[in-house]
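Undergrad: Structure file input09.json (JSON, C-alpha atoms) right here:
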```json
[["chain", "number", "residue", "atom", "x", "y", "z"],
["A", 1, "MET", "CA", 27.34, 17.59, -18.59],
["A", 2, "LEU", "CA", 24.09, 18.61, -16.96],
["A", 3, "SER", "CA", 22.58, 15.12, -16.81],
["A", 4, "PRO", "CA", 25.52, 13.41, -14.99],
["A", 5, "PHE", "CA", 25.72, 16.36, -12.60],
["A", 6, "ARG", "CA", 22.02, 16.14, -11.88],
["A", 7, "GLY", "CA", 22.34, 12.40, -11.32],
["A", 8, "ALA", "CA", 25.17, 12.92, -8.84],
["A", 9, "ILE", "CA", 23.13, 15.50, -6.93],
["A", 10, "GLU", "CA", 20.14, 13.15, -6.78],
["A", 11, "ARG", "CA", 22.31, 10.26, -5.48],
["A", 12, "ALA", "CA", 23.78, 12.51, -2.81],
["A", 13, "TYR", "CA", 20.33, 13.72, -1.81],
["A", 14, "LEU", "CA", 19.12, 10.12, -1.64],
["A", 15, "ARG", "CA", 21.99, 9.20, 0.70],
["A", 16, "HIS", "CA", 21.05, 12.20, 2.84],
["A", 17, "LEU", "CA", 17.44, 11.04, 3.04],
["A", 18, "HIS", "CA", 18.50, 7.53, 4.04],
["A", 19, "ARG", "CA", 20.68, 8.90, 6.82],
["A", 20, "ARG", "CA", 17.77, 10.97, 8.17],
["A", 21, "VAL", "CA", 15.45, 7.96, 8.55],
["A", 22, "ASP", "CA", 14.67, 7.32, 12.21],
["A", 23, "GLU", "CA", 11.31, 5.57, 11.89],
["A", 24, "VAL", "CA", 10.45, 2.91, 9.32],
["A", 25, "PRO", "CA", 6.77, 2.03, 8.81],
["A", 26, "THR", "CA", 5.88, -1.62, 9.14],
["A", 27, "HIS", "CA", 3.07, -1.51, 6.56],
["A", 28, "VAL", "CA", 3.03, 0.81, 3.53],
["A", 29, "ALA", "CA", 0.01, 1.04, 1.20],
["A", 30, "VAL", "CA", 0.30, 2.63, -2.24],
["A", 31, "ILE", "CA", -2.30, 4.07, -4.62],
["A", 32, "GLN", "CA", -0.55, 3.82, -7.98],
["A", 33, "ASP", "CA", -2.21, 6.67, -9.81],
["A", 34, "GLY", "CA", -1.32, 8.31, -13.11],
["A", 35, "ASN", "CA", -0.48, 5.44, -15.49],
["A", 36, "ARG", "CA", -2.99, 6.53, -18.12],
["A", 37, "ARG", "CA", -2.10, 10.23, -17.89],
["A", 38, "TYR", "CA", 1.58, 9.33, -18.17],
["A", 39, "ALA", "CA", 0.87, 7.31, -21.32],
["A", 40, "ARG", "CA", -1.12, 10.16, -22.89],
["A", 41, "GLU", "CA", 1.68, 12.64, -22.26],
["A", 42, "GLN", "CA", 4.12, 10.20, -23.88],
["A", 43, "GLY", "CA", 1.83, 9.82, -26.89],
["A", 44, "ASP", "CA", 1.04, 6.20, -26.00],
["A", 45, "ASP", "CA", -2.08, 4.23, -25.22],
["A", 46, "ALA", "CA", -3.17, 3.37, -21.66],
["A", 47, "PRO", "CA", -1.68, -0.18, -21.72],
["A", 48, "GLN", "CA", 1.79, 1.30, -22.24],
["A", 49, "GLY", "CA", 1.31, 3.40, -19.11],
["A", 50, "HIS", "CA", 0.27, 0.35, -17.11],
["A", 51, "ARG", "CA", 3.37, -1.54, -18.28],
["A", 52, "ALA", "CA", 5.60, 1.37, -17.29],
["A", 53, "GLY", "CA", 3.86, 1.47, -13.93],
["A", 54, "ALA", "CA", 4.53, -2.25, -13.43],
["A", 55, "ASP", "CA", 8.27, -1.54, -13.71],
["A", 56, "THR", "CA", 7.98, 1.06, -10.94],
["A", 57, "THR", "CA", 6.15, -1.48, -8.79],
["A", 58, "GLU", "CA", 9.04, -3.93, -9.06],
["A", 59, "ARG", "CA", 11.51, -1.23, -8.01],
["A", 60, "LEU", "CA", 9.29, -0.26, -5.07],
["A", 61, "LEU", "CA", 9.44, -3.81, -3.73],
["A", 62, "ASP", "CA", 13.22, -3.59, -3.61],
["A", 63, "TRP", "CA", 13.15, -0.19, -1.88],
["A", 64, "CYS", "CA", 10.75, -1.49, 0.77],
["A", 65, "ALA", "CA", 12.72, -4.65, 1.42],
["A", 66, "ASP", "CA", 16.02, -2.78, 1.64],
["A", 67, "LEU", "CA", 14.58, -0.29, 4.12],
["A", 68, "GLY", "CA", 13.00, -2.89, 6.40],
["A", 69, "VAL", "CA", 9.30, -2.44, 5.57],
["A", 70, "GLU", "CA", 7.56, -5.73, 6.36],
["A", 71, "GLU", "CA", 4.28, -5.39, 4.46],
["A", 72, "LEU", "CA", 3.26, -3.61, 1.27],
["A", 73, "THR", "CA", -0.25, -3.28, -0.15],
["A", 74, "LEU", "CA", -0.74, -2.14, -3.74],
["A", 75, "TYR", "CA", -4.02, -0.77, -5.06],
["A", 76, "ALA", "CA", -3.76, -2.57, -8.39],
["A", 77, "PHE", "CA", -7.39, -2.72, -9.56],
["A", 78, "SER", "CA", -10.44, -1.18, -7.90],
["A", 79, "THR", "CA", -14.08, -2.16, -8.28],
["A", 80, "GLU", "CA", -14.59, 1.15, -10.13],
["A", 81, "ASN", "CA", -12.02, 0.07, -12.73],
["A", 82, "PHE", "CA", -14.50, -2.44, -14.17],
["A", 83, "ALA", "CA", -16.27, 0.55, -15.77],
["A", 84, "ARG", "CA", -13.32, 1.21, -18.06],
["A", 85, "PRO", "CA", -13.67, 0.33, -21.78],
["A", 86, "ASP", "CA", -12.85, -3.23, -22.87],
["A", 87, "GLU", "CA", -9.99, -2.05, -25.06],
["A", 88, "GLU", "CA", -8.25, -0.88, -21.89],
["A", 89, "LEU", "CA", -9.38, -3.66, -19.55],
["A", 90, "GLU", "CA", -8.22, -6.59, -21.68],
["A", 91, "PRO", "CA", -4.55, -5.45, -21.91],
["A", 92, "LEU", "CA", -4.65, -4.60, -18.19],
["A", 93, "PHE", "CA", -5.91, -8.07, -17.29],
["A", 94, "ALA", "CA", -3.24, -9.60, -19.51],
["A", 95, "LEU", "CA", -0.57, -7.50, -17.78],
["A", 96, "LEU", "CA", -1.82, -8.52, -14.32],
["A", 97, "GLU", "CA", -1.73, -12.17, -15.32],
["A", 98, "THR", "CA", 1.77, -11.93, -16.77],
["A", 99, "LYS", "CA", 3.26, -9.95, -13.89],
["A", 100, "LEU", "CA", 1.76, -12.17, -11.21],
["A", 101, "ARG", "CA", 3.25, -15.27, -12.81],
["A", 102, "GLU", "CA", 6.61, -13.63, -13.53],
["A", 103, "PHE", "CA", 6.83, -12.31, -10.01],
["A", 104, "ALA", "CA", 5.95, -15.65, -8.46],
["A", 105, "ASP", "CA", 8.79, -17.31, -10.39],
["A", 106, "ALA", "CA", 11.44, -14.61, -9.87],
["A", 107, "ASP", "CA", 14.49, -15.73, -7.89],
["A", 108, "ARG", "CA", 14.80, -12.42, -6.07],
["A", 109, "VAL", "CA", 11.24, -12.77, -4.78],
["A", 110, "HIS", "CA", 12.08, -16.04, -3.09],
["A", 111, "GLU", "CA", 15.49, -14.81, -1.95],
["A", 112, "ARG", "CA", 13.76, -11.91, -0.18],
["A", 113, "GLY", "CA", 11.06, -14.19, 1.24],
["A", 114, "VAL", "CA", 8.14, -12.35, -0.39],
["A", 115, "HIS", "CA", 4.69, -13.82, 0.20],
["A", 116, "VAL", "CA", 2.09, -12.69, -2.36],
["A", 117, "ARG", "CA", -1.58, -12.43, -1.34],
["A", 118, "ALA", "CA", -4.60, -11.00, -3.14],
["A", 119, "ILE", "CA", -7.32, -9.04, -1.33],
["A", 120, "GLY", "CA", -10.62, -7.99, -2.83],
["A", 121, "ASP", "CA", -13.47, -9.62, -4.75],
["A", 122, "VAL", "CA", -11.14, -11.74, -6.85],
["A", 123, "GLU", "CA", -14.03, -13.88, -8.12],
["A", 124, "ARG", "CA", -15.11, -10.95, -10.29],
["A", 125, "LEU", "CA", -11.88, -11.12, -12.29],
["A", 126, "PRO", "CA", -11.44, -13.14, -15.49],
["A", 127, "ASP", "CA", -10.46, -16.80, -15.09],
["A", 128, "ARG", "CA", -6.92, -16.29, -16.31],
["A", 129, "VAL", "CA", -6.27, -13.57, -13.72],
["A", 130, "ARG", "CA", -7.76, -15.68, -10.92],
["A", 131, "GLU", "CA", -5.57, -18.59, -11.97],
["A", 132, "ALA", "CA", -2.50, -16.33, -11.93],
["A", 133, "VAL", "CA", -3.45, -15.10, -8.44],
["A", 134, "ALA", "CA", -3.77, -18.68, -7.21],
["A", 135, "TYR", "CA", -0.42, -19.56, -8.81],
["A", 136, "ALA", "CA", 1.38, -16.60, -7.21],
["A", 137, "GLU", "CA", -0.10, -17.32, -3.79],
["A", 138, "ARG", "CA", 0.77, -20.99, -4.03],
["A", 139, "ARG", "CA", 4.34, -20.44, -5.28],
["A", 140, "THR", "CA", 5.15, -17.95, -2.50],
["A", 141, "ALA", "CA", 3.15, -19.56, 0.32],
["A", 142, "ASP", "CA", 6.24, -20.67, 2.25],
["A", 143, "ASN", "CA", 7.89, -17.23, 2.18],
["A", 144, "ASP", "CA", 7.52, -15.33, 5.44],
["A", 145, "ARG", "CA", 9.87, -12.34, 5.55],
["A", 146, "PHE", "CA", 7.88, -9.82, 3.47],
["A", 147, "THR", "CA", 4.15, -9.68, 2.70],
["A", 148, "LEU", "CA", 2.87, -8.24, -0.58],
["A", 149, "ASN", "CA", -0.89, -7.68, -0.70],
["A", 150, "VAL", "CA", -2.27, -6.99, -4.17],
["A", 151, "ALA", "CA", -5.69, -5.29, -4.00],
["A", 152, "LEU", "CA", -7.67, -6.61, -6.97],
["A", 153, "ALA", "CA", -11.34, -5.86, -7.62],
["A", 154, "TYR", "CA", -11.08, -4.04, -4.33],
["A", 155, "GLY", "CA", -13.38, -1.47, -2.71],
["A", 156, "GLY", "CA", -12.95, -0.50, 0.93],
["A", 157, "ARG", "CA", -16.59, 0.31, 1.66],
["A", 158, "THR", "CA", -17.72, -2.88, -0.07],
["A", 159, "ALA", "CA", -15.38, -4.92, 2.10],
["A", 160, "LEU", "CA", -16.75, -3.29, 5.27],
["A", 161, "LEU", "CA", -20.34, -3.74, 4.10],
["A", 162, "ASP", "CA", -19.77, -7.43, 3.35],
["A", 163, "ALA", "CA", -18.22, -7.95, 6.79],
["A", 164, "ALA", "CA", -21.16, -6.20, 8.46],
["A", 165, "ARG", "CA", -23.65, -8.35, 6.54],
["A", 166, "ASP", "CA", -21.80, -11.53, 7.54],
["A", 167, "ILE", "CA", -21.88, -10.52, 11.20],
["A", 168, "ALA", "CA", -25.57, -9.58, 11.03],
["A", 169, "ARG", "CA", -26.42, -12.87, 9.35],
["A", 170, "GLU", "CA", -24.52, -14.88, 11.96],
["A", 171, "ALA", "CA", -26.10, -12.93, 14.81],
["A", 172, "ALA", "CA", -29.59, -13.49, 13.38],
["A", 173, "ALA", "CA", -28.87, -17.21, 13.13],
["A", 174, "GLY", "CA", -27.71, -17.29, 16.74],
["A", 175, "GLU", "CA", -24.17, -18.26, 15.74],
["A", 176, "ILE", "CA", -22.64, -15.27, 17.53],
["A", 177, "ASP", "CA", -23.75, -12.92, 20.28],
["A", 178, "ALA", "CA", -24.25, -9.42, 18.88],
["A", 179, "ALA", "CA", -23.08, -7.92, 22.18],
["A", 180, "SER", "CA", -19.76, -9.72, 21.85],
["A", 181, "VAL", "CA", -18.86, -8.23, 18.45],
["A", 182, "ASP", "CA", -15.51, -6.44, 18.69],
["A", 183, "VAL", "CA", -12.61, -5.33, 16.50],
["A", 184, "GLU", "CA", -11.35, -8.88, 16.06],
["A", 185, "THR", "CA", -14.79, -10.04, 14.95],
["A", 186, "VAL", "CA", -14.82, -7.50, 12.11],
["A", 187, "GLU", "CA", -11.21, -8.10, 11.07],
["A", 188, "GLU", "CA", -11.76, -11.85, 10.82],
["A", 189, "ARG", "CA", -14.47, -11.22, 8.24],
["A", 190, "LEU", "CA", -12.74, -8.51, 6.23],
["A", 191, "TYR", "CA", -10.09, -10.81, 4.77],
["A", 192, "ASP", "CA", -9.33, -14.49, 5.18],
["A", 193, "ARG", "CA", -5.82, -13.66, 6.39],
["A", 194, "PRO", "CA", -4.68, -10.96, 8.81],
["A", 195, "ILE", "CA", -3.41, -7.63, 7.56],
["A", 196, "ARG", "CA", -1.35, -5.30, 9.74],
["A", 197, "ASP", "CA", -2.61, -1.80, 10.45],
["A", 198, "VAL", "CA", -1.39, 0.61, 7.77],
["A", 199, "ASP", "CA", 1.28, 3.08, 8.91],
["A", 200, "LEU", "CA", 1.72, 5.05, 5.68],
["A", 201, "ILE", "CA", -0.37, 5.61, 2.55],
["A", 202, "VAL", "CA", 1.34, 6.94, -0.56],
["A", 203, "ARG", "CA", -0.59, 8.32, -3.52],
["A", 204, "THR", "CA", 1.00, 9.47, -6.76],
["A", 205, "GLY", "CA", -0.48, 11.49, -9.61],
["A", 206, "GLY", "CA", -1.38, 14.70, -7.78],
["A", 207, "ASP", "CA", -4.80, 13.83, -6.33],
["A", 208, "GLU", "CA", -5.08, 14.31, -2.57],
["A", 209, "ARG", "CA", -7.57, 11.62, -1.59],
["A", 210, "THR", "CA", -7.30, 8.03, -0.40],
["A", 211, "SER", "CA", -10.06, 6.67, -2.67],
["A", 212, "ASN", "CA", -11.76, 4.18, -0.39],
["A", 213, "PHE", "CA", -8.47, 2.32, 0.19],
["A", 214, "LEU", "CA", -8.13, 0.15, 3.31],
["A", 215, "PRO", "CA", -10.40, 2.36, 5.46],
["A", 216, "TRP", "CA", -10.43, -0.04, 8.41],
["A", 217, "HIS", "CA", -6.66, -0.56, 8.56],
["A", 218, "ALA", "CA", -5.55, 2.96, 7.54],
["A", 219, "ASN", "CA", -8.11, 5.39, 8.93],
["A", 220, "GLY", "CA", -8.57, 3.34, 12.07],
["A", 221, "ASN", "CA", -4.83, 3.50, 12.65],
["A", 222, "GLU", "CA", -4.62, 7.20, 11.69],
["A", 223, "ALA", "CA", -2.04, 6.36, 9.06],
["A", 224, "ALA", "CA", 0.29, 9.05, 7.77],
["A", 225, "VAL", "CA", -0.51, 10.05, 4.18],
["A", 226, "TYR", "CA", 1.93, 11.27, 1.54],
["A", 227, "PHE", "CA", 0.59, 12.79, -1.69],
["A", 228, "CYS", "CA", 2.97, 13.58, -4.54],
["A", 229, "THR", "CA", 2.62, 14.86, -8.09],
["A", 230, "PRO", "CA", 4.70, 12.39, -10.19],
["A", 231, "TYR", "CA", 2.66, 9.86, -12.11],
["A", 232, "TRP", "CA", 3.23, 6.31, -10.92],
["A", 233, "PRO", "CA", 5.68, 5.39, -13.73],
["A", 234, "GLU", "CA", 7.77, 8.43, -12.73],
["A", 235, "PHE", "CA", 7.77, 7.69, -8.99],
["A", 236, "SER", "CA", 11.39, 7.50, -7.82],
["A", 237, "GLU", "CA", 13.28, 6.29, -4.79],
["A", 238, "VAL", "CA", 13.69, 9.93, -3.74],
["A", 239, "ASP", "CA", 9.89, 10.29, -3.75],
["A", 240, "PHE", "CA", 9.61, 7.12, -1.68],
["A", 241, "MET", "CA", 12.16, 8.31, 0.86],
["A", 242, "ARG", "CA", 10.33, 11.63, 1.19],
["A", 243, "ALA", "CA", 7.21, 9.62, 2.02],
["A", 244, "ILE", "CA", 9.17, 7.71, 4.65],
["A", 245, "ARG", "CA", 10.40, 11.00, 6.11],
["A", 246, "THR", "CA", 6.78, 12.22, 6.28],
["A", 247, "TYR", "CA", 5.91, 9.15, 8.32],
["A", 248, "GLY", "CA", 8.93, 9.69, 10.60],
["A", 249, "ALA", "CA", 8.04, 13.35, 11.15],
["A", 250, "ARG", "CA", 4.47, 12.38, 12.05],
["A", 251, "GLU", "CA", 5.71, 9.79, 14.56],
["A", 252, "GLU", "CA", 8.14, 12.29, 16.08],
["A", 253, "SER", "CA", 5.34, 14.87, 16.39],
["A", 254, "TRP", "CA", 3.11, 12.30, 18.11],
["A", 255, "ARG", "CA", 5.82, 11.36, 20.58],
["A", 256, "ARG", "CA", 6.42, 15.01, 21.39],
["A", 257, "ALA", "CA", 2.70, 15.66, 21.85],
["A", 258, "ARG", "CA", 2.33, 12.62, 24.11],
["A", 259, "ALA", "CA", 5.32, 13.70, 26.19],
["A", 260, "GLU", "CA", 3.92, 17.21, 26.52],
["A", 261, "ARG", "CA", 0.52, 15.87, 27.60],
["A", 262, "ALA", "CA", 2.15, 13.53, 30.12],
["A", 263, "ALA", "CA", 4.24, 16.37, 31.54],
["A", 264, "ALA", "CA", 1.17, 18.62, 31.79],
["A", 265, "LEU", "CA", -0.70, 15.85, 33.62],
["A", 266, "VAL", "CA", 2.19, 15.35, 36.07],
["A", 267, "ARG", "CA", 2.33, 19.10, 36.73],
["A", 268, "ALA", "CA", -1.43, 19.26, 37.29],
["A", 269, "VAL", "CA", -1.35, 16.35, 39.76],
["A", 270, "ALA", "CA", 1.64, 17.84, 41.56],
["A", 271, "GLU", "CA", -0.10, 21.21, 41.91],
["A", 272, "VAL", "CA", -3.19, 19.56, 43.41],
["A", 273, "GLU", "CA", -1.09, 17.59, 45.88],
["A", 274, "LEU", "CA", 0.84, 20.68, 46.90],
["A", 275, "GLU", "CA", -2.39, 22.58, 47.51],
["A", 276, "GLU", "CA", -3.74, 19.74, 49.61]]
```
As C-alpha cells, what does this structure read like?

TA:
Amino acid sequence: MLSPFRGAIERAYLRHLHRRVDEVPTHVAVIQDGNRRYAREQGDDAPQGHRAGADTTERLLDWCADLGVEELTLYAFSTENFARPDEELEPLFALLETKLREFADADRVHERGVHVRAIGDVERLPDRVREAVAYAERRTADNDRFTLNVALAYGGRTALLDAARDIAREAAAGEIDAASVDVETVEERLYDRPIRDVDLIVRTGGDERTSNFLPWHANGNEAAVYFCTPYWPEFSEVDFMRAIRTYGAREESWRRARAERAAALVRAVAEVELEE
C-alpha cells in the first residue's frame, strides 16, 4: 500500500512543479555524476552503473523535449577520465559506441528532430567510438528542432587554451589583427559549430562544483547551477523539474533586481531635476 501511495504523491507533486514553471532555459548542461558510486552501492561493477546512467540520459532527453528546452549538453567523458583503469574504460567505450548508434537510429530521435553533435578532443577516443560519433552526427544532420551536444574527451580549460593558441598563431602570422579579437573570434575557435550560452547547469551525485565544464558558455553567461544528491542513475523527473524551478527563481530574482535598480535610477534623476 505504501508504494502506490508514494507514487501517487510523487505524480501529484510533479504536476505541481510543471504548473509552477514560468521560465524554461534554452540550453541545459548536465554533469552526470555518480554512476560508479551507484554501482558500488548496488554491489555491481562500474560498467553496470554506466549502463544504468545511460537509461537516465534517454529519459532526460524526453523531459527536455517535452518542456521546450532547445539544447542539451551532456558531460559524457572528460579528459581526466582517460586516467581510469582499462577494465573500466573498455566497457565504457563500448557503451558509448552502442548508445550513439542506437540513438542515431531511434525513431523517436528523428520524430523529435534531435541533432547529435560531439564536442571535445574526439580524436583521442578509440576508432570505434569516433566512427560511432561520425555515424550519429551524419544520421541526425538534417534534424533541427533539438540539439544534443555530447562532450567527449572534453576539458573546458583545454578548449580555451587551444582557442587562445590558435588566435595567437594566426596573429603572429598576420592572418588576423590582434586588436580586432573579440568574443566571436574566440567562439569560432572553441568549436566548429555554434553552441548557445548555457542557462542552467545540473550536477548530480552530491558534489558542488562544475568541474571545468563549458566555462566560456556557462560562467560567461552566469548560468544558474543546480546541485543535487541523487546519483545519475537515480535522477528523476522531479529532480529535473526542481532544477528548472531553480533557474526560474534565478531569472525572477534578476528581473526584480533590474526593476529595482531602474526605479532607483529614475528616482535619483528625478530628484536632481527637481533640485535644479

Undergrad: What's the 7 Å shell around Leu148 of chain A, counting all atoms listed in the file, without same-chain residues fewer than 5 positions away, as a VMD selection string?

TA: chain A and resid 71 to 73 114 to 117

Undergrad: Skip Trp232 of chain A itself and residues of its chain fewer than 2 positions away, then list as JSON, numbers by chain all residues within 8 Å of it, counting only C-alpha atoms.

TA: {"A": [32, 33, 34, 35, 53, 56, 204, 205, 230, 234, 235]}

Undergrad: Rank A:Ala83, A:Ala151, A:Ala243, A:Leu67 by their smallest atom-to-atom distance to Leu96 of chain A, using only C-alpha atoms, and report the top residue only.

TA: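 Of the candidates, the smallest distance to Leu96 of chain A is held by A:Ala151.
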
Undergrad: Hey, which of A:Thr79, A:Gln48, A:Asn143, A:Thr185 ends up closest to Ala159 of chain A? Count all atoms listed in the file.

TA: A:Thr79

Undergrad: Which distance in Å separates atom CA of Asp127 of chain A and atom CA of Leu74 of chain A, to one decimal?

TA: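 Computed distance, atom CA of Asp127 of chain A to atom CA of Leu74 of chain A, equals 20.9 Å.
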
Undergrad: Hey, can you check how far atom CA of Asp107 of chain A sits from atom CA of Leu95 of chain A?

TA: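 Separation between atom CA of Asp107 of chain A and atom CA of Leu95 of chain A: 19.8 Å.
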
Undergrad: Find the residues with any atom within 12 Å of (-5.3, -5.6, -21.4); use all atoms listed in the file and the coordinates as given in the file, and write the answer as number ranges by chain.

TA: A: 45-51, 84-98, 126, 128-129

Undergrad: Pick from A:Ile31, A:Leu161, A:Ala178, A:Ala8: nearest to Phe227 of chain A, with only C-alpha atoms counted?

TA: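 Residue with the minimum atom-to-atom distance to Phe227 of chain A: A:Ile31.
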
Undergrad: Neighbouring residues of Arg189 of chain A were defined as those with any atom within 12 Å, considering only C-alpha atoms; residues of the same chain fewer than 2 positions away were excluded. Please report them as a PyMOL selection string.

TA: chain A and resi 159-168+170+181-187+191-195+216

Undergrad: Can you tell me, as a PyMOL selection string, what residues are no more than 10 Å from Glu208 of chain A when counting all atoms listed in the file, ignoring any on the same chain fewer than 4 positions away?

TA: chain A and resi 202-204+225-229

Undergrad: Atom CA of Leu190 of chain A and atom CA of Asp62 of chain A, how far apart in Å?

TA: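 Atom CA of Leu190 of chain A lies at a distance of 28.2 Å from atom CA of Asp62 of chain A.
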
Undergrad: When distances are computed from only C-alpha atoms, which of A:Thr140, A:Thr246, A:Ser211, A:Gln42 shows the smallest separation from His110 of chain A?

TA: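 The closest residue to His110 of chain A is A:Thr140.
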